[in-house]
>>> print(open('final.pdb').read())   # PDB, C-alpha atoms
ATOM      1  CA  MET L   1     109.451  12.362  68.079
ATOM      2  CA  LYS L   2     106.760  11.629  70.620
ATOM      3  CA  LEU L   3     103.475  13.483  70.535
ATOM      4  CA  THR L   4     103.974  14.355  74.204
ATOM      5  CA  ILE L   5     106.471  16.995  73.122
ATOM      6  CA  ALA L   6     104.111  18.745  70.759
ATOM      7  CA  LEU L   7     101.027  18.932  72.969
ATOM      8  CA  PRO L   8     100.844  21.248  75.977
ATOM      9  CA  ALA L   9     100.800  20.044  79.559
ATOM     10  CA  ALA L  10      97.015  20.074  79.778
ATOM     11  CA  LEU L  11      96.803  17.313  77.200
ATOM     12  CA  LEU L  12      99.568  15.139  78.505
ATOM     13  CA  VAL L  13      97.399  12.534  80.103
ATOM     14  CA  MET L  14      98.708  10.432  77.278
ATOM     15  CA  ALA L  15     100.433   7.242  78.128
ATOM     16  CA  ALA L  16     103.614   7.207  76.089
ATOM     17  CA  PRO L  17     104.007   3.411  75.901
ATOM     18  CA  ALA L  18     100.929   3.213  73.682
ATOM     19  CA  MET L  19     102.855   4.972  70.918
ATOM     20  CA  ALA L  20     105.777   3.523  69.061
ATOM     21  CA  ALA L  21     109.048   5.120  70.070
ATOM     22  CA  ASP L  22     109.349   6.818  66.688
ATOM     23  CA  GLY L  23     105.923   8.456  66.790
ATOM     24  CA  PRO L  24     102.277   7.585  66.196
ATOM     25  CA  THR L  25     101.272   5.123  63.483
ATOM     26  CA  ASP L  26      99.008   6.066  60.559
ATOM     27  CA  PRO L  27      95.888   4.508  62.176
ATOM     28  CA  GLN L  28      96.653   6.493  65.351
ATOM     29  CA  ILE L  29      97.311   9.694  63.388
ATOM     30  CA  ALA L  30      94.012   9.258  61.525
ATOM     31  CA  HIS L  31      92.205   8.834  64.853
ATOM     32  CA  ILE L  32      93.878  11.873  66.427
ATOM     33  CA  ALA L  33      93.190  14.090  63.392
ATOM     34  CA  TYR L  34      89.561  12.975  63.165
ATOM     35  CA  THR L  35      89.038  13.445  66.908
ATOM     36  CA  ALA L  36      90.590  16.916  66.807
ATOM     37  CA  GLY L  37      88.225  17.851  63.969
ATOM     38  CA  ALA L  38      85.158  16.418  65.693
ATOM     39  CA  ILE L  39      86.012  18.427  68.804
ATOM     40  CA  ASP L  40      86.052  21.686  66.883
ATOM     41  CA  ILE L  41      82.796  20.816  65.107
ATOM     42  CA  ALA L  42      81.150  20.272  68.514
ATOM     43  CA  ALA L  43      82.576  23.566  69.787
ATOM     44  CA  GLY L  44      81.294  25.344  66.674
ATOM     45  CA  LYS L  45      77.821  23.863  67.071
ATOM     46  CA  GLN L  46      77.757  24.977  70.697
ATOM     47  CA  ALA L  47      78.739  28.485  69.557
ATOM     48  CA  LEU L  48      75.943  28.519  66.976
ATOM     49  CA  ALA L  49      73.481  27.567  69.718
ATOM     50  CA  ARG L  50      74.764  30.113  72.263
ATOM     51  CA  SER L  51      76.229  33.124  70.490
ATOM     52  CA  HIS L  52      74.301  36.032  69.022
ATOM     53  CA  ASN L  53      77.391  37.815  67.780
ATOM     54  CA  LYS L  54      77.411  37.946  63.964
ATOM     55  CA  GLU L  55      81.192  37.673  63.621
ATOM     56  CA  VAL L  56      81.439  34.820  66.139
ATOM     57  CA  ARG L  57      78.609  32.939  64.420
ATOM     58  CA  SER L  58      80.201  33.386  61.022
ATOM     59  CA  PHE L  59      83.490  32.052  62.398
ATOM     60  CA  ALA L  60      81.706  29.096  64.030
ATOM     61  CA  GLN L  61      79.918  28.286  60.765
ATOM     62  CA  GLU L  62      83.264  28.246  59.008
ATOM     63  CA  MET L  63      84.703  25.895  61.641
ATOM     64  CA  VAL L  64      81.791  23.460  61.339
ATOM     65  CA  ARG L  65      81.860  23.535  57.529
ATOM     66  CA  ASP L  66      85.632  23.208  57.092
ATOM     67  CA  HIS L  67      86.269  20.621  59.810
ATOM     68  CA  GLN L  68      83.330  18.532  58.628
ATOM     69  CA  ALA L  69      84.761  18.607  55.090
ATOM     70  CA  VAL L  70      88.196  17.534  56.350
ATOM     71  CA  ASN L  71      86.729  14.748  58.466
ATOM     72  CA  ASP L  72      84.569  13.506  55.584
ATOM     73  CA  LYS L  73      87.684  13.438  53.424
ATOM     74  CA  ALA L  74      89.661  11.659  56.154
ATOM     75  CA  LEU L  75      86.933   9.015  56.550
ATOM     76  CA  ALA L  76      86.856   8.420  52.795
ATOM     77  CA  LEU L  77      90.632   8.093  52.768
ATOM     78  CA  VAL L  78      90.884   5.560  55.603
ATOM     79  CA  LYS L  79      88.138   3.556  53.923
ATOM     80  CA  LYS L  80      90.012   3.602  50.636
ATOM     81  CA  LEU L  81      93.272   2.624  52.350
ATOM     82  CA  HIS L  82      91.547  -0.077  54.418
ATOM     83  CA  VAL L  83      92.901   1.564  57.555
ATOM     84  CA  THR L  84      90.965   1.353  60.806
ATOM     85  CA  PRO L  85      91.581   4.462  62.910
ATOM     86  CA  GLN L  86      93.019   3.361  66.218
ATOM     87  CA  ASP L  87      91.997   4.885  69.516
ATOM     88  CA  ASN L  88      94.968   6.053  71.549
ATOM     89  CA  PRO L  89      95.819   8.040  74.689
ATOM     90  CA  THR L  90      96.305  11.307  72.764
ATOM     91  CA  SER L  91      92.817  11.086  71.266
ATOM     92  CA  ASP L  92      91.427  10.276  74.717
ATOM     93  CA  ALA L  93      93.266  13.219  76.267
ATOM     94  CA  LEU L  94      91.977  15.549  73.553
ATOM     95  CA  SER L  95      88.391  14.317  74.064
ATOM     96  CA  LYS L  96      88.519  14.698  77.859
ATOM     97  CA  GLN L  97      89.997  18.173  77.598
ATOM     98  CA  ALA L  98      87.359  19.135  75.020
ATOM     99  CA  LYS L  99      84.514  17.892  77.202
ATOM    100  CA  ALA L 100      85.810  19.974  80.115
ATOM    101  CA  THR L 101      86.040  23.030  77.856
ATOM    102  CA  LEU L 102      82.504  22.552  76.494
ATOM    103  CA  ASP L 103      81.183  22.197  80.073
ATOM    104  CA  LYS L 104      82.973  25.359  81.138
ATOM    105  CA  LEU L 105      81.700  27.310  78.130
ATOM    106  CA  SER L 106      78.134  26.085  78.674
ATOM    107  CA  HIS L 107      78.004  28.130  81.887
ATOM    108  CA  LEU L 108      78.846  31.354  80.091
ATOM    109  CA  SER L 109      76.665  33.585  77.942
ATOM    110  CA  GLY L 110      76.743  36.818  75.978
ATOM    111  CA  SER L 111      80.080  38.519  75.420
ATOM    112  CA  ALA L 112      81.741  36.446  78.166
ATOM    113  CA  TYR L 113      80.884  33.307  76.208
ATOM    114  CA  ASP L 114      81.981  34.824  72.890
ATOM    115  CA  ARG L 115      85.365  35.855  74.263
ATOM    116  CA  ALA L 116      85.972  32.500  75.966
ATOM    117  CA  TYR L 117      84.941  30.498  72.896
ATOM    118  CA  VAL L 118      87.137  32.481  70.550
ATOM    119  CA  ALA L 119      90.108  32.521  72.958
ATOM    120  CA  ASN L 120      89.827  28.754  73.205
ATOM    121  CA  GLU L 121      89.689  28.478  69.414
ATOM    122  CA  VAL L 122      92.945  30.435  69.134
ATOM    123  CA  ALA L 123      94.657  28.217  71.720
ATOM    124  CA  TYR L 124      93.169  24.987  70.388
ATOM    125  CA  HIS L 125      94.170  25.617  66.778
ATOM    126  CA  ASN L 126      97.611  26.672  67.937
ATOM    127  CA  THR L 127      98.006  23.384  69.840
ATOM    128  CA  VAL L 128      96.667  21.182  67.058
ATOM    129  CA  ASN L 129      98.736  23.005  64.426
ATOM    130  CA  GLY L 130     101.864  22.500  66.515
ATOM    131  CA  ALA L 131     101.095  18.782  66.829
ATOM    132  CA  LEU L 132     100.417  18.505  63.084
ATOM    133  CA  GLU L 133     103.588  20.315  62.123
ATOM    134  CA  LYS L 134     105.970  18.713  64.588
ATOM    135  CA  THR L 135     104.600  15.222  65.042
ATOM    136  CA  LEU L 136     101.644  14.065  62.973
ATOM    137  CA  ILE L 137     102.845  15.136  59.507
ATOM    138  CA  PRO L 138     106.458  13.979  59.984
ATOM    139  CA  SER L 139     105.211  10.654  61.397
ATOM    140  CA  ALA L 140     102.667   9.913  58.647
ATOM    141  CA  ASP L 141     103.838   7.164  56.288
ATOM    142  CA  ASN L 142     101.073   7.132  53.688
ATOM    143  CA  ALA L 143     101.530   9.903  51.104
ATOM    144  CA  GLU L 144      97.790  10.629  50.772
ATOM    145  CA  LEU L 145      97.373  10.876  54.539
ATOM    146  CA  LYS L 146     100.399  13.157  54.737
ATOM    147  CA  SER L 147      99.022  15.349  51.942
ATOM    148  CA  LEU L 148      95.628  15.611  53.647
ATOM    149  CA  LEU L 149      97.295  16.574  56.929
ATOM    150  CA  GLU L 150      99.377  19.204  55.122
ATOM    151  CA  THR L 151      96.302  20.730  53.488
ATOM    152  CA  GLY L 152      94.665  20.544  56.908
ATOM    153  CA  LEU L 153      97.558  22.431  58.484
ATOM    154  CA  THR L 154      97.320  25.215  55.876
ATOM    155  CA  LEU L 155      93.576  25.387  56.515
ATOM    156  CA  PHE L 156      93.859  25.348  60.313
ATOM    157  CA  ARG L 157      96.479  28.099  60.235
ATOM    158  CA  GLU L 158      93.845  30.167  58.418
ATOM    159  CA  HIS L 159      91.417  29.292  61.207
ATOM    160  CA  GLU L 160      93.922  30.305  63.863
ATOM    161  CA  ALA L 161      94.514  33.665  62.128
ATOM    162  CA  HIS L 162      90.750  34.155  61.737
ATOM    163  CA  ALA L 163      90.186  33.344  65.429
ATOM    164  CA  GLU L 164      92.902  35.822  66.425
ATOM    165  CA  HIS L 165      91.214  38.464  64.261
ATOM    166  CA  VAL L 166      87.811  37.816  65.866
ATOM    167  CA  ALA L 167      89.392  37.814  69.353
ATOM    168  CA  LYS L 168      90.860  41.259  68.658
ATOM    169  CA  ASP L 169      87.485  42.584  67.519
ATOM    170  CA  LEU L 170      85.812  41.289  70.700
ATOM    171  CA  LYS L 171      88.151  43.208  73.013
TER     172      LYS L 171
ATOM    173  CA  MET M 172      52.411  38.371   6.415
ATOM    174  CA  SER M 173      50.629  41.778   6.237
ATOM    175  CA  PRO M 174      52.338  44.615   4.365
ATOM    176  CA  ARG M 175      52.826  46.458   7.676
ATOM    177  CA  THR M 176      54.531  43.477   9.351
ATOM    178  CA  SER M 177      56.645  43.017   6.275
ATOM    179  CA  ASN M 178      57.751  46.661   6.469
ATOM    180  CA  ASN M 179      58.567  46.292  10.135
ATOM    181  CA  VAL M 180      60.671  43.237   9.450
ATOM    182  CA  ARG M 181      62.494  45.093   6.671
ATOM    183  CA  THR M 182      63.125  48.078   8.956
ATOM    184  CA  LEU M 183      64.426  45.816  11.694
ATOM    185  CA  ALA M 184      66.722  44.029   9.255
ATOM    186  CA  LEU M 185      68.114  47.357   8.082
ATOM    187  CA  LEU M 186      68.644  48.530  11.646
ATOM    188  CA  CYS M 187      70.499  45.314  12.490
ATOM    189  CA  ALA M 188      72.669  45.660   9.407
ATOM    190  CA  GLY M 189      73.442  49.270  10.348
ATOM    191  CA  ALA M 190      74.341  48.269  13.923
ATOM    192  CA  ALA M 191      76.608  45.521  12.611
ATOM    193  CA  LEU M 192      78.510  48.096  10.568
ATOM    194  CA  LEU M 193      79.163  50.113  13.733
ATOM    195  CA  LEU M 194      80.691  47.122  15.523
ATOM    196  CA  PRO M 195      84.390  46.407  15.119
ATOM    197  CA  SER M 196      85.073  43.606  12.704
ATOM    198  CA  PRO M 197      86.246  40.337  14.270
ATOM    199  CA  SER M 198      89.738  40.879  12.886
ATOM    200  CA  ALA M 199      90.084  44.263  14.608
ATOM    201  CA  ALA M 200      90.173  42.780  18.121
ATOM    202  CA  ALA M 201      91.532  39.417  19.262
ATOM    203  CA  ALA M 202      88.825  36.841  19.924
ATOM    204  CA  PRO M 203      88.132  36.439  23.646
ATOM    205  CA  HIS M 204      89.931  33.616  25.405
ATOM    206  CA  THR M 205      88.864  31.402  28.268
ATOM    207  CA  TYR M 206      91.384  30.553  30.973
ATOM    208  CA  ALA M 207      91.139  28.258  33.976
ATOM    209  CA  VAL M 208      92.381  29.229  37.433
ATOM    210  CA  VAL M 209      92.586  26.124  39.574
ATOM    211  CA  ILE M 210      92.327  26.052  43.356
ATOM    212  CA  ASP M 211      94.110  23.114  44.946
ATOM    213  CA  LYS M 212      95.372  22.441  48.456
ATOM    214  CA  MET M 213      94.315  25.831  49.777
ATOM    215  CA  LYS M 214      96.033  27.807  47.005
ATOM    216  CA  PHE M 215      94.998  29.664  43.852
ATOM    217  CA  GLY M 216      96.990  28.338  40.906
ATOM    218  CA  PRO M 217      98.616  30.516  38.234
ATOM    219  CA  VAL M 218      96.520  33.243  36.644
ATOM    220  CA  PRO M 219      96.727  34.069  32.908
ATOM    221  CA  ALA M 220      99.534  36.442  32.018
ATOM    222  CA  GLN M 221      97.610  38.047  29.152
ATOM    223  CA  LEU M 222      94.117  38.969  30.172
ATOM    224  CA  HIS M 223      91.866  41.363  28.286
ATOM    225  CA  PRO M 224      88.322  42.643  28.818
ATOM    226  CA  GLY M 225      85.917  40.120  27.311
ATOM    227  CA  ASP M 226      88.092  37.129  28.218
ATOM    228  CA  SER M 227      86.640  34.544  30.582
ATOM    229  CA  ILE M 228      88.030  32.868  33.647
ATOM    230  CA  VAL M 229      86.771  29.506  34.789
ATOM    231  CA  TRP M 230      87.410  29.168  38.504
ATOM    232  CA  VAL M 231      87.942  25.478  39.260
ATOM    233  CA  ASN M 232      87.863  24.328  42.868
ATOM    234  CA  HIS M 233      89.735  21.033  43.144
ATOM    235  CA  ASP M 234      89.643  21.194  46.951
ATOM    236  CA  PHE M 235      87.153  19.369  49.113
ATOM    237  CA  LEU M 236      86.594  22.677  50.910
ATOM    238  CA  ARG M 237      84.300  25.539  50.038
ATOM    239  CA  HIS M 238      86.099  28.628  48.767
ATOM    240  CA  THR M 239      85.292  31.911  47.055
ATOM    241  CA  ALA M 240      87.063  34.060  44.491
ATOM    242  CA  THR M 241      86.317  37.544  45.715
ATOM    243  CA  ALA M 242      87.626  40.774  44.215
ATOM    244  CA  ALA M 243      88.897  43.421  46.602
ATOM    245  CA  ASP M 244      87.223  46.051  44.392
ATOM    246  CA  HIS M 245      83.885  44.132  44.635
ATOM    247  CA  SER M 246      83.818  43.556  40.858
ATOM    248  CA  PHE M 247      83.195  39.840  41.426
ATOM    249  CA  ASP M 248      82.394  37.462  44.278
ATOM    250  CA  ILE M 249      82.240  33.857  43.101
ATOM    251  CA  ASP M 250      81.025  31.130  45.449
ATOM    252  CA  LEU M 251      82.981  27.918  44.877
ATOM    253  CA  PRO M 252      81.659  24.853  46.710
ATOM    254  CA  ALA M 253      83.934  21.790  46.693
ATOM    255  CA  GLY M 254      84.493  20.611  43.121
ATOM    256  CA  ALA M 255      82.788  23.650  41.553
ATOM    257  CA  LYS M 256      83.624  25.186  38.159
ATOM    258  CA  VAL M 257      82.301  28.708  37.656
ATOM    259  CA  LYS M 258      82.859  30.870  34.584
ATOM    260  CA  MET M 259      82.985  34.651  34.672
ATOM    261  CA  VAL M 260      83.713  37.290  32.066
ATOM    262  CA  VAL M 261      86.444  39.815  32.781
ATOM    263  CA  LYS M 262      84.895  43.225  32.267
ATOM    264  CA  ALA M 263      87.259  46.125  32.793
ATOM    265  CA  LYS M 264      90.961  46.796  32.582
ATOM    266  CA  GLY M 265      92.896  47.108  35.799
ATOM    267  CA  ARG M 266      94.752  45.331  38.568
ATOM    268  CA  ILE M 267      92.320  43.284  40.626
ATOM    269  CA  ASN M 268      93.408  41.738  43.912
ATOM    270  CA  PHE M 269      91.317  38.736  44.890
ATOM    271  CA  VAL M 270      91.041  36.466  47.937
ATOM    272  CA  CYS M 271      89.005  33.595  49.259
ATOM    273  CA  ARG M 272      86.621  35.238  51.719
ATOM    274  CA  TYR M 273      86.721  32.186  53.983
ATOM    275  CA  HIS M 274      90.498  31.727  53.861
ATOM    276  CA  PRO M 275      91.974  35.163  53.200
ATOM    277  CA  GLY M 276      95.520  33.775  53.167
ATOM    278  CA  MET M 277      94.531  32.447  49.727
ATOM    279  CA  ARG M 278      95.066  35.359  47.366
ATOM    280  CA  GLY M 279      96.080  36.407  43.881
ATOM    281  CA  VAL M 280      96.068  39.267  41.401
ATOM    282  CA  LEU M 281      94.447  39.573  37.959
ATOM    283  CA  LEU M 282      96.057  42.005  35.542
ATOM    284  CA  VAL M 283      93.553  42.984  32.872
ATOM    285  CA  GLN M 284      95.196  44.934  30.013
TER     286      GLN M 284
END
>>> encode(input="final.pdb", output="structure tokens")
Amino acid sequence: MKLTIALPAALLVMAAPAMAADGPTDPQIAHIAYTAGAIDIAAGKQALARSHNKEVRSFAQEMVRDHQAVNDKALALVKKLHVTPQDNPTSDALSKQAKATLDKLSHLSGSAYDRAYVANEVAYHNTVNGALEKTLIPSADNAELKSLLETGLTLFREHEAHAEHVAKDLK
Amino acid sequence: MSPRTSNNVRTLALLCAGAALLLPSPSAAAAPHTYAVVIDKMKFGPVPAQLHPGDSIVWVNHDFLRHTATAADHSFDIDLPAGAKVKMVVKAKGRINFVCRYHPGMRGVLLVQ
């Protein structure tokens, strides 16, 4: 399955030929997963700099802590496996989209910022979880990488549920 | 040792002996056990089937993520950084629901009999 199916239209800047017909390779998967984590760490740090809402800040702290832990683990794993994460159009699309989102959020403040940040966290985790479930995990060859992605998916589903809970409280 | 100190020591020894008589003998109650509950891959592992007040649980976090073991009735709230092992003594009988505060989908129940 191609990653283009799992990611929504906004992220489909991806050039399909860069991926093998049967899905992304392990070095590409590692790059996509790491990039997705780094994006949410940056979003969380922005939230910690801009938000004064206790619940939003607590959520953002959790995002920074958990995604940093996953990315540290992913880096240690690729080092151990002698795999060099490979840049690819999906990672690029994710990064561009994330930059646009951070720019947009940087113009908001107060409750407008809080609501937009949390709404984006719900949508972002939903997108990444869909990609993990439908494409990245099934495509991963290495058992340790697959296991890390599976633990990641369980974790990120928690994040999505937490974000939905915070979003409800902000209404 | 002065006679007064000597008397005090004797009194204390008698008091201790008296207190020991009031305590149940070791054979009257089963010796407390220590059980491990292991967290791995975002899940709490099996909890002990037979758990009694005085037993201990060692919470072992095998994940690379920070978790907690937090009782719904507030009887315990254990912080578990990645790789942590934390021992706690089970105090009272009852059914105690617990979660990870950070990842509330992680949950379990202790039955203390």
>>> closest_atom_pairs(input="final.pdb", of="stretch 47-149 of chain L", to="stretch 260-279 of chain M", cutoff="12 Å", atoms="only C-alpha atoms", output="JSON lines")
{"residue": "L:Ser58", "atom": "CA", "partner": "M:Tyr273", "partner_atom": "CA", "distance": 9.7}
{"residue": "L:Phe59", "atom": "CA", "partner": "M:Tyr273", "partner_atom": "CA", "distance": 9.0}
{"residue": "L:Ala60", "atom": "CA", "partner": "M:Tyr273", "partner_atom": "CA", "distance": 11.6}
{"residue": "L:Gln61", "atom": "CA", "partner": "M:Tyr273", "partner_atom": "CA", "distance": 10.4}
{"residue": "L:Glu62", "atom": "CA", "partner": "M:Tyr273", "partner_atom": "CA", "distance": 7.3}
{"residue": "L:Met63", "atom": "CA", "partner": "M:Tyr273", "partner_atom": "CA", "distance": 10.1}
{"residue": "L:Arg65", "atom": "CA", "partner": "M:Tyr273", "partner_atom": "CA", "distance": 10.5}
{"residue": "L:Asp66", "atom": "CA", "partner": "M:Tyr273", "partner_atom": "CA", "distance": 9.6}
>>> write_last_selection(input="final.pdb", atoms="C-alpha atoms", output="PDB file, in the frame of the given file")
ATOM      1  CA  SER L  58      80.201  33.386  61.022  1.00  0.00           C
ATOM      2  CA  PHE L  59      83.490  32.052  62.398  1.00  0.00           C
ATOM      3  CA  ALA L  60      81.706  29.096  64.030  1.00  0.00           C
ATOM      4  CA  GLN L  61      79.918  28.286  60.765  1.00  0.00           C
ATOM      5  CA  GLU L  62      83.264  28.246  59.008  1.00  0.00           C
ATOM      6  CA  MET L  63      84.703  25.895  61.641  1.00  0.00           C
ATOM      7  CA  ARG L  65      81.860  23.535  57.529  1.00  0.00           C
ATOM      8  CA  ASP L  66      85.632  23.208  57.092  1.00  0.00           C
TER       9      ASP L  66
END
>>> atom_distance(input="final.pdb", atom1="atom CA of L:Tyr34", atom2="atom CA of M:Phe235")
15.6 Å
>>> interface_residues(input="final.pdb", of="chain L", to="chain M", cutoff="7 Å", atoms="only C-alpha atoms", output="list in words")
Asp66, Ala69, Thr151, Thr154, Leu155 and Glu158 of chain L
>>> residues_around(input="final.pdb", residues="stretch 248-251 of chain M", least_positions_apart="2", cutoff="7 Å", atoms="only C-alpha atoms", output="MDAnalysis selection string")
chainID M and resid 232 237:242 245 253 255
>>> residues_around(input="final.pdb", residues="M:Thr205", least_positions_apart="6", cutoff="12 Å", atoms="all atoms listed in the file", output="NGL selection string")
:M and (218-219 or 221-230 or 257-261)
>>> resolve_selection(input="final.pdb", expression="the PyMOL selection byres ((chain L and resi 36) around 12)", output="ChimeraX atom specification")
/L:29-35,37-43,63,67-68,70-71,74,90-98,121,124-125,127-129,131-132,149,152,156
>>> resolve_selection(input="final.pdb", expression="the PyMOL selection byres ((chain L and resi 122) around 10)", output="PyMOL selection string")
chain L and resi 116-121+123-127+157+159-167
>>> atom_distance(input="final.pdb", atom1="atom CA of M:Phe247", atom2="atom CA of M:Pro217")
18.3 Å
>>> atom_distance(input="final.pdb", atom1="atom CA of L:His82", atom2="atom CA of L:Asn142")
12.0 Å
>>> closest_residue(input="final.pdb", among="M:Val231, M:Pro252, M:Ala220, M:Ser246", to="M:His204", atoms="all atoms listed in the file")
M:Ala220
>>> decode(input="final.pdb", residues="stretch 42-101 of chain L", atoms="C-alpha atoms", output="compact mmCIF listing (two decimals), in the first residue's frame")
# COMPACT_ATOMS: atom_id res chain seq x y z
CA ALA L 42 8.00 21.62 18.23
CA ALA L 43 4.24 22.17 18.47
CA GLY L 44 4.34 21.28 22.18
CA LYS L 45 7.21 23.67 22.84
CA GLN L 46 5.32 26.44 21.06
CA ALA L 47 2.29 25.68 23.25
CA LEU L 48 4.43 25.86 26.40
CA ALA L 49 5.69 29.26 25.28
CA ARG L 50 2.25 30.64 24.33
CA SER L 51 -0.44 29.01 26.44
CA HIS L 52 -1.39 29.93 29.98
CA ASN L 53 -4.08 27.28 30.25
CA LYS L 54 -3.12 24.67 32.86
CA GLU L 55 -4.74 21.75 31.04
CA VAL L 56 -3.27 22.73 27.67
CA ARG L 57 0.20 23.13 29.20
CA SER L 58 -0.03 19.78 30.92
CA PHE L 59 -1.02 18.16 27.62
CA ALA L 60 1.83 19.93 25.80
CA GLN L 61 4.32 18.76 28.43
CA GLU L 62 3.13 15.22 27.91
CA MET L 63 3.56 15.55 24.14
CA VAL L 64 7.11 16.88 24.46
CA ARG L 65 8.09 14.22 27.01
CA ASP L 66 6.54 11.23 25.24
CA HIS L 67 7.54 12.13 21.68
CA GLN L 68 11.08 12.94 22.79
CA ALA L 69 11.28 9.52 24.48
CA VAL L 70 10.03 7.78 21.33
CA ASN L 71 12.44 9.70 19.12
CA ASP L 72 15.37 8.96 21.45
CA LYS L 73 14.43 5.29 21.29
CA ALA L 74 14.09 5.44 17.50
CA LEU L 75 17.52 7.07 17.15
CA ALA L 76 19.10 4.42 19.37
CA LEU L 77 17.44 1.71 17.32
CA VAL L 78 18.56 2.97 13.90
CA LYS L 79 22.07 3.32 15.30
CA LYS L 80 21.99 -0.24 16.59
CA LEU L 81 20.63 -1.53 13.27
CA HIS L 82 23.12 0.55 11.27
CA VAL L 83 20.21 2.10 9.39
CA THR L 84 20.47 5.64 8.07
CA PRO L 85 17.04 7.29 8.07
CA GLN L 86 16.26 8.34 4.53
CA ASP L 87 14.62 11.63 3.67
CA ASN L 88 11.58 11.20 1.47
CA PRO L 89 8.65 13.17 0.03
CA THR L 90 6.29 12.17 2.87
CA SER L 91 8.68 13.52 5.50
CA ASP L 92 9.08 16.70 3.44
CA ALA L 93 5.32 17.08 3.10
CA LEU L 94 4.85 16.59 6.84
CA SER L 95 7.55 19.19 7.62
CA LYS L 96 6.11 21.79 5.23
CA GLN L 97 2.61 21.28 6.57
CA ALA L 98 3.91 21.54 10.15
CA LYS L 99 5.76 24.77 9.43
CA ALA L 100 2.59 26.29 7.98
CA THR L 101 0.63 25.20 11.05
